[in-house]
>>> print(open('data-v7.cif').read())   # mmCIF, C-alpha atoms
data_model
#
loop_
_atom_site.label_atom_id
_atom_site.label_comp_id
_atom_site.auth_asym_id
_atom_site.auth_seq_id
_atom_site.Cartn_x
_atom_site.Cartn_y
_atom_site.Cartn_z
CA LEU Z 1 -19.11 -6.59 20.67
CA GLN Z 2 -22.35 -6.73 18.70
CA ASN Z 3 -21.57 -3.45 16.99
CA VAL Z 4 -18.14 -4.41 15.63
CA ARG Z 5 -19.29 -7.66 14.03
CA ILE Z 6 -19.91 -7.77 10.28
CA ASP Z 7 -23.66 -7.92 10.61
CA PRO Z 8 -26.20 -5.78 8.69
CA SER Z 9 -27.80 -4.90 12.04
CA SER Z 10 -24.55 -3.62 13.63
CA ILE Z 11 -23.60 0.05 13.85
CA SER Z 12 -20.27 -0.50 12.10
CA PHE Z 13 -21.71 -2.43 9.12
CA SER Z 14 -22.49 0.65 7.01
CA MET Z 15 -19.00 1.99 7.78
CA TRP Z 16 -17.49 -1.34 6.69
CA LYS Z 17 -19.62 -1.57 3.52
CA ASP Z 18 -19.12 1.98 2.24
CA ILE Z 19 -16.17 3.55 4.03
CA PRO Z 20 -17.32 7.07 5.07
CA VAL Z 21 -13.80 8.28 5.78
CA PRO Z 22 -12.43 10.66 3.12
CA PHE Z 23 -9.37 8.94 1.67
CA TYR Z 24 -6.77 10.67 -0.46
CA MET Z 25 -3.93 9.27 -2.51
CA SER Z 26 -0.99 11.65 -2.94
CA VAL Z 27 1.45 10.69 -5.69
CA TYR Z 28 5.01 12.01 -6.01
CA LEU Z 29 6.94 11.36 -9.23
CA PHE Z 30 10.73 11.38 -9.54
CA GLU Z 31 11.94 13.14 -12.67
CA VAL Z 32 15.44 12.44 -13.97
CA LEU Z 33 17.27 15.74 -14.41
CA ASN Z 34 20.28 14.31 -16.27
CA PRO Z 35 19.00 11.58 -18.62
CA LYS Z 36 21.81 12.01 -21.18
CA GLU Z 37 24.52 11.81 -18.53
CA THR Z 38 22.83 8.82 -16.86
CA LEU Z 39 22.84 7.06 -20.23
CA GLN Z 40 26.62 7.54 -20.29
CA GLY Z 41 27.08 6.03 -16.83
CA ALA Z 42 26.66 9.04 -14.53
CA LYS Z 43 24.76 8.91 -11.26
CA PRO Z 44 21.06 9.75 -11.82
CA VAL Z 45 19.99 13.10 -10.40
CA LEU Z 46 16.36 13.08 -9.26
CA ASN Z 47 13.83 15.78 -8.48
CA GLN Z 48 10.59 15.02 -6.66
CA ARG Z 49 7.45 16.37 -8.38
CA GLY Z 50 4.00 16.64 -6.86
CA PRO Z 51 2.01 15.78 -4.94
CA TYR Z 52 -0.68 14.90 -7.45
CA VAL Z 53 -3.66 14.31 -5.17
CA TYR Z 54 -6.63 12.04 -5.85
CA ARG Z 55 -9.83 11.66 -3.83
CA GLU Z 56 -10.35 7.97 -3.26
CA PHE Z 57 -13.78 6.36 -2.90
CA ARG Z 58 -14.08 2.75 -1.73
CA TYR Z 59 -17.18 0.60 -1.75
CA LYS Z 60 -17.97 -3.11 -1.50
CA THR Z 61 -20.03 -5.22 -3.88
CA ASN Z 62 -20.91 -8.92 -4.21
CA ILE Z 63 -21.31 -9.15 -0.43
CA THR Z 64 -22.18 -12.80 0.28
CA PHE Z 65 -22.58 -14.33 3.73
CA HIS Z 66 -21.63 -17.99 4.23
CA ASP Z 67 -22.62 -20.61 6.78
CA ASN Z 68 -19.11 -20.91 8.23
CA ASP Z 69 -19.13 -17.44 9.85
CA THR Z 70 -17.50 -15.74 6.83
CA VAL Z 71 -18.48 -13.14 4.25
CA SER Z 72 -17.06 -12.59 0.77
CA PHE Z 73 -16.83 -9.26 -1.03
CA LEU Z 74 -15.14 -7.26 -3.74
CA GLU Z 75 -13.93 -3.80 -2.79
CA TYR Z 76 -13.66 -1.27 -5.59
CA ARG Z 77 -11.81 2.02 -5.55
CA GLN Z 78 -12.34 5.08 -7.70
CA LEU Z 79 -9.88 7.95 -7.92
CA PHE Z 80 -10.62 11.54 -8.91
CA PHE Z 81 -7.92 14.16 -9.44
CA GLN Z 82 -8.02 17.13 -7.04
CA PRO Z 83 -6.36 20.15 -8.77
CA ASP Z 84 -6.84 22.43 -5.76
CA MET Z 85 -4.95 20.03 -3.48
CA SER Z 86 -2.18 19.22 -5.95
CA ASN Z 87 1.14 20.85 -6.68
CA GLY Z 88 0.91 20.60 -10.44
CA SER Z 89 -1.45 19.24 -13.08
CA GLU Z 90 -1.80 15.88 -14.80
CA ASP Z 91 -0.82 17.57 -18.07
CA GLU Z 92 2.69 18.39 -16.86
CA TYR Z 93 5.58 16.65 -18.61
CA VAL Z 94 8.07 14.63 -16.57
CA VAL Z 95 11.25 12.86 -17.75
CA VAL Z 96 11.32 9.30 -16.40
CA PRO Z 97 12.87 6.00 -17.53
CA ASN Z 98 11.19 4.34 -20.47
CA ILE Z 99 9.72 1.87 -18.01
CA LEU Z 100 8.45 -0.62 -20.58
CA MET Z 101 11.62 -0.61 -22.67
CA MET Z 102 14.09 -0.75 -19.78
CA GLY Z 103 12.07 -3.44 -18.05
CA ALA Z 104 11.94 -5.58 -21.18
CA ALA Z 105 15.70 -5.14 -21.70
CA VAL Z 106 16.53 -6.49 -18.22
CA MET Z 107 13.99 -9.31 -18.61
CA MET Z 108 15.65 -10.33 -21.90
CA GLU Z 109 19.23 -10.07 -20.61
CA ASN Z 110 19.83 -13.84 -20.62
CA LEU Z 111 18.14 -14.56 -23.94
CA PRO Z 112 20.20 -15.29 -27.09
CA ASN Z 113 21.99 -12.32 -28.67
CA PHE Z 114 19.99 -12.49 -31.88
CA VAL Z 115 16.78 -11.96 -29.87
CA LYS Z 116 18.25 -8.88 -28.19
CA LEU Z 117 19.43 -7.60 -31.58
CA LEU Z 118 15.89 -7.99 -32.88
CA LEU Z 119 14.59 -5.93 -29.99
CA SER Z 120 17.32 -3.32 -30.44
CA GLY Z 121 16.41 -2.96 -34.11
CA ALA Z 122 12.71 -2.73 -33.29
CA LEU Z 123 13.42 -0.04 -30.70
CA ALA Z 124 15.37 1.97 -33.26
CA GLY Z 125 12.54 1.66 -35.76
CA LEU Z 126 10.02 2.82 -33.17
CA LYS Z 127 12.39 5.63 -32.06
CA GLN Z 128 12.35 4.33 -28.49
CA GLU Z 129 14.94 5.70 -26.08
CA ALA Z 130 16.02 4.85 -22.53
CA PHE Z 131 14.22 7.90 -21.10
CA MET Z 132 10.90 9.41 -22.10
CA ASN Z 133 9.19 12.74 -21.59
CA ARG Z 134 5.50 12.14 -20.91
CA THR Z 135 2.66 13.73 -18.98
CA VAL Z 136 1.78 12.74 -15.45
CA ARG Z 137 -1.53 11.39 -16.74
CA GLU Z 138 0.22 9.15 -19.26
CA ILE Z 139 2.79 7.83 -16.78
CA LEU Z 140 0.14 6.98 -14.18
CA TRP Z 141 -2.96 6.07 -16.15
CA GLY Z 142 -1.53 4.78 -19.40
CA TYR Z 143 -0.57 5.57 -22.96
CA GLU Z 144 -0.72 3.67 -26.22
CA ASP Z 145 2.66 2.16 -27.04
CA PRO Z 146 3.34 0.02 -30.15
CA LEU Z 147 6.29 -1.42 -28.24
CA LEU Z 148 3.87 -3.70 -26.40
CA ASP Z 149 2.87 -5.55 -29.57
CA THR Z 150 6.48 -5.55 -30.80
CA ILE Z 151 7.80 -7.18 -27.62
CA ASN Z 152 5.05 -9.78 -27.68
CA THR Z 153 5.91 -10.56 -31.31
CA ILE Z 154 9.63 -11.02 -30.56
CA VAL Z 155 9.14 -12.89 -27.26
CA PRO Z 156 5.51 -14.13 -27.02
CA GLY Z 157 4.14 -13.96 -23.51
CA LEU Z 158 6.96 -11.84 -22.08
CA ILE Z 159 4.53 -9.02 -21.23
CA PRO Z 160 1.10 -10.69 -21.41
CA PHE Z 161 -1.19 -7.71 -21.76
CA LYS Z 162 -2.28 -5.33 -24.49
CA GLY Z 163 -3.57 -1.82 -24.83
CA LYS Z 164 -2.35 1.02 -22.67
CA PHE Z 165 0.70 0.87 -20.42
CA GLY Z 166 0.88 2.92 -17.21
CA LEU Z 167 2.03 2.42 -13.65
CA PHE Z 168 -1.52 2.68 -12.26
CA VAL Z 169 -3.40 1.62 -15.39
CA GLU Z 170 -5.20 -1.19 -13.52
CA PHE Z 171 -5.55 0.73 -10.25
CA ASN Z 172 -8.56 2.94 -10.91
CA ASN Z 173 -12.11 1.51 -11.08
CA SER Z 174 -10.72 -1.86 -10.06
CA ASN Z 175 -11.06 -4.25 -7.13
CA SER Z 176 -8.37 -5.77 -4.94
CA GLY Z 177 -9.54 -9.34 -5.38
CA LEU Z 178 -12.21 -11.46 -3.72
CA PHE Z 179 -11.70 -11.36 0.04
CA THR Z 180 -13.45 -13.81 2.36
CA VAL Z 181 -13.22 -12.72 6.00
CA TYR Z 182 -14.74 -13.82 9.30
CA THR Z 183 -17.83 -11.95 10.46
CA GLY Z 184 -17.26 -12.45 14.21
CA MET Z 185 -20.82 -13.71 14.71
CA LYS Z 186 -19.59 -16.94 16.32
CA ASN Z 187 -16.12 -15.85 17.44
CA ILE Z 188 -15.54 -12.12 17.91
CA SER Z 189 -11.76 -12.62 18.17
CA ARG Z 190 -11.74 -13.66 14.48
CA VAL Z 191 -13.76 -10.75 13.10
CA HIS Z 192 -12.24 -9.24 9.92
CA MET Z 193 -9.53 -11.92 9.80
CA VAL Z 194 -8.98 -13.21 6.25
CA ASP Z 195 -10.13 -16.76 5.52
CA SER Z 196 -9.11 -16.64 1.84
CA TRP Z 197 -8.22 -14.25 -0.99
CA ASN Z 198 -9.39 -15.13 -4.51
CA GLY Z 199 -10.18 -18.55 -3.09
CA LEU Z 200 -6.61 -19.07 -1.90
CA LYS Z 201 -5.53 -19.89 1.65
CA LYS Z 202 -2.00 -18.87 0.67
CA VAL Z 203 -0.32 -17.35 -2.40
CA ASN Z 204 2.44 -18.93 -4.50
CA TYR Z 205 4.56 -15.89 -5.34
CA TRP Z 206 7.34 -16.56 -2.86
CA ARG Z 207 9.91 -19.23 -2.01
CA SER Z 208 8.78 -20.14 1.51
CA SER Z 209 5.47 -21.18 3.01
CA GLU Z 210 5.88 -18.48 5.68
CA CYS Z 211 6.15 -15.70 3.09
CA ASN Z 212 3.21 -17.11 1.11
CA MET Z 213 0.85 -17.08 4.10
CA ILE Z 214 -2.21 -14.82 4.04
CA ASN Z 215 -2.25 -13.41 7.57
CA GLY Z 216 -4.31 -10.85 9.43
CA THR Z 217 -7.20 -8.81 8.05
CA ALA Z 218 -7.91 -7.08 4.74
CA GLY Z 219 -6.38 -3.91 6.22
CA GLU Z 220 -9.57 -2.04 7.08
CA MET Z 221 -10.42 -3.09 10.63
CA TRP Z 222 -9.06 -5.48 13.26
CA PRO Z 223 -10.60 -7.58 16.06
CA PRO Z 224 -11.54 -5.63 19.22
CA PHE Z 225 -9.58 -5.46 22.46
CA MET Z 226 -6.20 -5.14 20.74
CA SER Z 227 -2.98 -5.62 22.65
CA PRO Z 228 -0.07 -3.19 22.24
CA THR Z 229 2.07 -5.66 20.28
CA SER Z 230 1.48 -5.90 16.53
CA LEU Z 231 -1.15 -6.14 13.80
CA GLU Z 232 -1.18 -7.93 10.46
CA PHE Z 233 -2.95 -7.46 7.13
CA TYR Z 234 -2.74 -8.87 3.63
CA SER Z 235 -1.89 -6.36 0.90
CA PRO Z 236 -2.74 -7.40 -2.69
CA ASP Z 237 -0.71 -4.41 -3.95
CA ALA Z 238 2.43 -5.73 -2.22
CA CYS Z 239 1.45 -9.38 -2.90
CA ARG Z 240 2.17 -10.30 0.73
CA SER Z 241 1.08 -10.07 4.34
CA MET Z 242 2.57 -7.25 6.37
CA THR Z 243 3.14 -6.94 10.09
CA LEU Z 244 3.20 -3.56 11.80
CA VAL Z 245 4.44 -3.14 15.37
CA TYR Z 246 3.17 -1.06 18.27
CA GLU Z 247 5.02 2.23 18.75
CA GLN Z 248 3.06 4.28 21.27
CA SER Z 249 -0.32 5.08 22.79
CA GLY Z 250 -1.99 8.38 22.05
CA LYS Z 251 -5.24 10.10 21.25
CA PHE Z 252 -6.86 11.20 18.01
CA GLU Z 253 -9.36 14.01 18.54
CA GLY Z 254 -9.82 12.76 22.10
CA VAL Z 255 -10.25 9.08 21.15
CA PRO Z 256 -7.61 6.70 22.62
CA THR Z 257 -5.42 5.02 20.00
CA TYR Z 258 -2.51 2.66 19.54
CA ARG Z 259 -0.02 3.70 16.87
CA PHE Z 260 1.41 0.89 14.74
CA VAL Z 261 4.38 1.43 12.41
CA ALA Z 262 6.53 -0.62 10.04
CA PRO Z 263 9.46 -2.42 11.68
CA LYS Z 264 12.91 -1.98 10.13
CA THR Z 265 12.72 -5.65 9.12
CA LEU Z 266 9.66 -5.19 6.87
CA PHE Z 267 11.68 -4.91 3.65
CA ALA Z 268 14.98 -6.28 5.00
CA ASN Z 269 16.81 -8.84 2.87
CA GLY Z 270 17.30 -12.46 3.87
CA THR Z 271 20.82 -11.84 5.16
CA ASP Z 272 19.76 -9.15 7.64
CA TYR Z 273 16.48 -10.88 8.52
CA PRO Z 274 16.39 -14.64 7.70
CA PRO Z 275 12.53 -14.97 7.71
CA ASN Z 276 12.53 -12.69 4.62
CA GLU Z 277 14.71 -15.11 2.65
CA GLY Z 278 11.53 -16.39 1.02
CA PHE Z 279 11.05 -13.00 -0.69
CA CYS Z 280 14.43 -13.26 -2.40
CA PRO Z 281 16.33 -13.07 -4.75
CA CYS Z 282 17.26 -10.01 -2.71
CA MET Z 283 19.48 -7.01 -3.17
CA GLN Z 284 20.22 -4.47 -0.43
CA SER Z 285 18.04 -4.33 2.67
CA GLY Z 286 15.13 -1.93 2.44
CA ILE Z 287 13.76 -2.98 -0.94
CA GLN Z 288 11.58 -5.96 -1.79
CA ASN Z 289 11.70 -7.70 -5.14
CA VAL Z 290 8.10 -7.99 -6.44
CA SER Z 291 9.01 -9.31 -9.89
CA THR Z 292 7.37 -12.68 -9.19
CA CYS Z 293 3.96 -11.03 -8.85
CA ARG Z 294 4.53 -8.29 -11.43
CA LEU Z 295 4.99 -10.25 -14.66
CA LYS Z 296 8.68 -10.86 -13.74
CA ALA Z 297 9.44 -7.19 -14.39
CA PRO Z 298 12.44 -5.87 -12.40
CA MET Z 299 10.34 -3.91 -9.92
CA PHE Z 300 10.91 -3.29 -6.20
CA ILE Z 301 8.85 -1.73 -3.43
CA SER Z 302 10.26 0.19 -0.48
CA HIS Z 303 9.55 3.01 1.90
CA PRO Z 304 9.67 6.47 0.21
CA HIS Z 305 13.14 7.88 -0.39
CA PHE Z 306 14.55 4.50 0.75
CA TYR Z 307 13.71 5.34 4.35
CA ASN Z 308 15.00 2.58 6.67
CA ALA Z 309 16.98 1.08 3.78
CA ASP Z 310 20.65 0.39 3.14
CA PRO Z 311 22.39 3.79 2.73
CA ALA Z 312 23.96 2.47 -0.49
CA LEU Z 313 20.55 2.76 -2.19
CA VAL Z 314 20.30 6.47 -1.30
CA ASP Z 315 23.93 7.09 -2.29
CA ALA Z 316 23.43 5.51 -5.74
CA VAL Z 317 21.31 8.49 -6.83
CA GLU Z 318 21.12 12.18 -5.97
CA GLY Z 319 18.03 13.96 -4.71
CA LEU Z 320 16.70 11.63 -1.99
CA HIS Z 321 16.18 12.82 1.58
CA PRO Z 322 14.67 10.06 3.75
CA SER Z 323 13.02 11.11 7.00
CA LYS Z 324 10.69 9.49 9.50
CA ASP Z 325 8.28 12.45 9.60
CA GLN Z 326 7.67 12.48 5.85
CA HIS Z 327 8.23 8.89 4.78
CA ALA Z 328 7.26 6.51 7.59
CA LEU Z 329 3.85 4.83 7.46
CA PHE Z 330 1.53 4.54 10.47
CA LEU Z 331 -1.88 3.35 11.62
CA ASP Z 332 -3.67 4.86 14.64
CA VAL Z 333 -6.22 2.27 15.78
CA HIS Z 334 -8.84 2.46 18.53
CA PRO Z 335 -7.82 -0.61 20.56
CA MET Z 336 -11.26 -1.35 22.02
CA THR Z 337 -12.96 -1.70 18.61
CA GLY Z 338 -10.04 -2.33 16.22
CA ILE Z 339 -11.20 0.53 13.98
CA PRO Z 340 -8.49 2.82 12.48
CA MET Z 341 -8.98 6.47 13.38
CA ASN Z 342 -6.10 7.93 11.36
CA CYS Z 343 -3.67 6.39 8.91
CA SER Z 344 -1.08 7.10 6.25
CA ILE Z 345 0.20 4.12 4.25
CA LYS Z 346 3.22 5.02 2.12
CA LEU Z 347 5.03 2.93 -0.48
CA GLN Z 348 7.60 3.62 -3.19
CA LEU Z 349 7.82 1.89 -6.58
CA ASN Z 350 11.31 1.38 -7.99
CA GLN Z 351 12.75 -0.08 -11.18
CA TYR Z 352 16.07 -1.84 -11.59
CA ILE Z 353 17.79 -0.45 -14.70
CA LYS Z 354 21.17 -1.28 -16.23
CA HIS Z 355 23.12 -1.57 -19.47
CA VAL Z 356 22.16 -4.78 -21.25
CA SER Z 357 24.66 -6.13 -23.75
CA GLY Z 358 23.20 -6.29 -27.26
CA ILE Z 359 20.57 -3.60 -26.69
CA ILE Z 360 22.23 -0.36 -27.70
CA GLN Z 361 19.44 1.83 -26.30
CA THR Z 362 20.58 0.99 -22.74
CA GLY Z 363 23.85 2.85 -23.40
CA LYS Z 364 26.28 2.66 -20.50
CA ILE Z 365 23.73 2.92 -17.72
CA LYS Z 366 25.16 1.61 -14.47
CA PRO Z 367 23.06 -0.88 -12.49
CA VAL Z 368 20.83 1.07 -10.12
CA VAL Z 369 17.49 0.68 -8.34
CA LEU Z 370 15.82 3.87 -9.53
CA PRO Z 371 12.81 5.35 -7.68
CA LEU Z 372 9.90 6.02 -10.04
CA LEU Z 373 7.26 7.33 -7.65
CA TRP Z 374 5.92 7.07 -4.14
CA PHE Z 375 2.39 7.45 -2.89
CA ALA Z 376 0.59 7.93 0.39
CA GLU Z 377 -2.96 6.73 1.01
CA SER Z 378 -4.24 8.76 3.94
CA GLY Z 379 -7.51 9.11 5.78
CA SER Z 380 -8.95 9.95 9.18
CA ILE Z 381 -12.36 9.72 10.82
CA GLU Z 382 -14.01 13.12 11.04
CA GLY Z 383 -17.32 14.96 11.15
CA ALA Z 384 -20.47 13.13 12.29
CA VAL Z 385 -18.70 9.76 12.36
CA LEU Z 386 -16.01 11.13 14.69
CA LYS Z 387 -18.67 12.74 16.91
CA GLN Z 388 -20.52 9.42 17.16
CA PHE Z 389 -17.26 7.66 17.97
CA TYR Z 390 -16.34 10.14 20.68
CA THR Z 391 -19.79 10.03 22.25
CA ASN Z 392 -20.11 6.23 22.30
CA LEU Z 393 -16.51 5.30 23.03
CA VAL Z 394 -15.21 8.13 25.21
CA LEU Z 395 -17.97 10.31 26.65
CA ILE Z 396 -20.50 7.64 27.67
CA PRO Z 397 -17.90 5.22 29.14
CA SER Z 398 -16.33 8.11 31.08
CA LEU Z 399 -19.76 9.15 32.39
CA LEU Z 400 -20.59 5.58 33.41
CA ASP Z 401 -17.21 5.29 35.12
CA TYR Z 402 -17.86 8.57 36.95
CA LEU Z 403 -21.36 7.44 38.01
CA GLN Z 404 -19.89 4.17 39.24
CA TYR Z 405 -17.71 6.03 41.72
CA ILE Z 406 -20.63 8.24 42.76
CA PHE Z 407 -22.78 5.20 43.48
CA LEU Z 408 -19.87 3.55 45.26
CA GLY Z 409 -19.39 6.69 47.35
CA LEU Z 410 -23.09 6.80 48.22
CA SER Z 411 -23.20 3.13 49.11
CA VAL Z 412 -20.38 3.28 51.67
CA PRO Z 413 -22.35 5.34 54.27
CA LEU Z 414 -25.37 3.07 53.74
CA ILE Z 415 -23.26 -0.03 54.39
CA ILE Z 416 -21.73 1.53 57.52
CA SER Z 417 -25.18 2.57 58.78
CA ALA Z 418 -26.54 -0.94 58.21
CA ALA Z 419 -23.61 -2.43 60.05
CA VAL Z 420 -24.09 -0.08 63.04
CA LEU Z 421 -27.81 -0.86 63.22
CA MET Z 422 -27.11 -4.57 63.22
#
>>> encode(input="data-v7.cif", output="structure tokens")
Amino acid sequence: LQNVRIDPSSISFSMWKDIPVPFYMSVYLFEVLNPKETLQGAKPVLNQRGPYVYREFRYKTNITFHDNDTVSFLEYRQLFFQPDMSNGSEDEYVVVPNILMMGAAVMMENLPNFVKLLLSGALAGLKQEAFMNRTVREILWGYEDPLLDTINTIVPGLIPFKGKFGLFVEFNNSNSGLFTVYTGMKNISRVHMVDSWNGLKKVNYWRSSECNMINGTAGEMWPPFMSPTSLEFYSPDACRSMTLVYEQSGKFEGVPTYRFVAPKTLFANGTDYPPNEGFCPCMQSGIQNVSTCRLKAPMFISHPHFYNADPALVDAVEGLHPSKDQHALFLDVHPMTGIPMNCSIKLQLNQYIKHVSGIIQTGKIKPVVLPLLWFAESGSIEGAVLKQFYTNLVLIPSLLDYLQYIFLGLSVPLIISAAVLM
């Protein structure tokens, strides 16, 4: 118990502060093979590219202990491209939707026609089209686009940021917000549980208090002596708390584990799963609208390839092949300590695109939730850390258990002899 608390004198503190586990983020982009036909109303044909693999380093700063059994910290992540582990380079060109333009078009759909005509004229002047051919590096990490300033001139505040635009432009060398979690010094059952995030006890992105709750841990460790039921964590990337459910018991390199996976209800809509009504407005089950925490852009998250989603989402495009083996997420946690031994967290980012009246660049595109990319953040305990884990949590307890039976076996004859002598 002492060694799983967040305490500078505990064995697990250094692991908690600077995660020694090698993490990798594998990114898969979806290129559109028939952009011209899609613009005329055809079904988009997709081809998965990648993976583009990045070594991920995580470390905590601003660690501050408080009197109420909590500690605050910022966790930063740095990503470094791994050419030898990737299937392709960051300099490859990929045809994808013009994410900024198509997003702005949908966001402006209900504005007056003259505003949309202004945007359409500006797009023509800037030679912007519905699909763009850019490098992997530009799509992920950003590119200069004069469209940003143009949109903010036409509709001030619609997209309140400047500079580069990219799907992961704020992901690298950034933190996930100020977490305050319980240390477990006074109550071990609360260790790692989130007290607040950025000073908030709950968020205000969603339409119900249940959906706005910040539940569970920060997603790194959990309280010890876990039961085979479920676990919760708050994900700043998804803007919500997530609950995973127990699937099976197993072993990772000899260490006992519980495997937790995403339930089918995780991204279900409010019709199929009423508690998720607070995340609406919803579309088909299997995708979650994150526009309220993503500048109101028409963005959705899901499992990769729309795994566990409404089949209509898969049928709306060509080139998706959902499967549990490749696209389901999981966490293998050591139940005695609450420390993950092996994990692979997978999410897909999607954009809702459609023809918008008054903006000629949107052509005749039919409404569709189009996958842009999916990524997997994976890591497992190995090397010296794994050896220490196995020795302390498997070998020594097994030896003590074995010795217990030896001593018990030796004590029986002594007890019988004592009884006879009496």
>>> closest_residue(input="data-v7.cif", among="Z:Phe114, Z:Phe131, Z:Trp222, Z:Tyr182", to="Asp69 (chain Z)", atoms="only C-alpha atoms")
Z:Tyr182
>>> closest_residue(input="data-v7.cif", among="Z:Asp7, Z:Glu382, Z:Glu277, Z:Glu56", to="Asn212 (chain Z)", atoms="all atoms listed in the file")
Z:Glu277
>>> atom_distance(input="data-v7.cif", atom1="CA of Phe171 (chain Z)", atom2="CA of Trp374 (chain Z)")
14.5 Å
>>> atom_distance(input="data-v7.cif", atom1="CA of Gln128 (chain Z)", atom2="CA of Ala42 (chain Z)")
20.5 Å
>>> atom_distance(input="data-v7.cif", atom1="CA of His355 (chain Z)", atom2="CA of Val96 (chain Z)")
16.3 Å
>>> resolve_selection(input="data-v7.cif", expression="the PyMOL selection byres ((chain Z and resi 359) around 8)", output="list in words")
Ala105, Lys116, Leu117, Leu119, Ser120, His355, Val356, Ser357, Gly358, Ile360, Gln361, Thr362 and Gly363 of chain Z
>>> closest_residue(input="data-v7.cif", among="Z:Lys186, Z:Val317, Z:Leu74, Z:Asn113", to="Asn47 (chain Z)", atoms="only C-alpha atoms")
Z:Val317
>>> closest_residue(input="data-v7.cif", among="Z:Pro275, Z:Gly216, Z:Gly177, Z:Gly254", to="Lys387 (chain Z)", atoms="all atoms listed in the file")
Z:Gly254
>>> resolve_selection(input="data-v7.cif", expression="the PyMOL selection byres ((chain Z and resi 340-345) around 6)", output="compact mmCIF listing (two decimals) with C-alpha atoms, in the coordinates of the input")
# COMPACT_ATOMS: atom_id res chain seq x y z
CA LEU Z 329 3.85 4.83 7.46
CA PHE Z 330 1.53 4.54 10.47
CA LEU Z 331 -1.88 3.35 11.62
CA ASP Z 332 -3.67 4.86 14.64
CA VAL Z 333 -6.22 2.27 15.78
CA ILE Z 339 -11.20 0.53 13.98
CA LYS Z 346 3.22 5.02 2.12
CA ALA Z 376 0.59 7.93 0.39
CA GLU Z 377 -2.96 6.73 1.01
CA SER Z 378 -4.24 8.76 3.94
CA GLY Z 379 -7.51 9.11 5.78
CA SER Z 380 -8.95 9.95 9.18
CA ILE Z 381 -12.36 9.72 10.82
>>> closest_residue(input="data-v7.cif", among="Z:Pro223, Z:Leu313, Z:Asn215, Z:Gly278", to="Met242 (chain Z)", atoms="only C-alpha atoms")
Z:Asn215
>>> resolve_selection(input="data-v7.cif", expression="the PyMOL selection byres ((chain Z and resi 324-328) around 8)", output="ChimeraX atom specification")
/Z:261-262,303-305,307,322-323,329-330,346
>>> residues_around(input="data-v7.cif", residues="His334 (chain Z)", least_positions_apart="3", cutoff="10 Å", atoms="all atoms listed in the file", output="list in words")
Met221, Trp222, Pro224, Phe225, Met226, Ser249, Gly250, Lys251, Phe252, Val255, Pro256, Thr257, Tyr258, Arg259, Leu331, Thr337, Gly338, Ile339, Pro340, Met341, Asn342, Phe389 and Leu393 of chain Z
>>> axis_aligned_box(input="data-v7.cif", around="region 308-321 of chain Z", padding_each_side="8 Å", output="JSON")
{"center_x": 19.5, "center_y": 7.2, "center_z": -0.1, "size_x": 25.0, "size_y": 29.6, "size_z": 29.5}
>>> closest_residue(input="data-v7.cif", among="Z:Asn276, Z:Glu247, Z:Lys202, Z:Ile19", to="Pro263 (chain Z)", atoms="all atoms listed in the file")
Z:Glu247
>>> residues_around(input="data-v7.cif", residues="Leu373 (chain Z)", least_positions_apart="5", cutoff="8 Å", atoms="only C-alpha atoms", output="list in words")
Val27, Tyr28, Leu29, Phe30, Gln348, Leu349 and Asn350 of chain Z
>>> residues_around(input="data-v7.cif", residues="Trp16 (chain Z)", least_positions_apart="4", cutoff="9 Å", atoms="only C-alpha atoms", output="list in words")
Ile6, Ser12, Pro20, Tyr59, Lys60, Glu220 and Met221 of chain Z
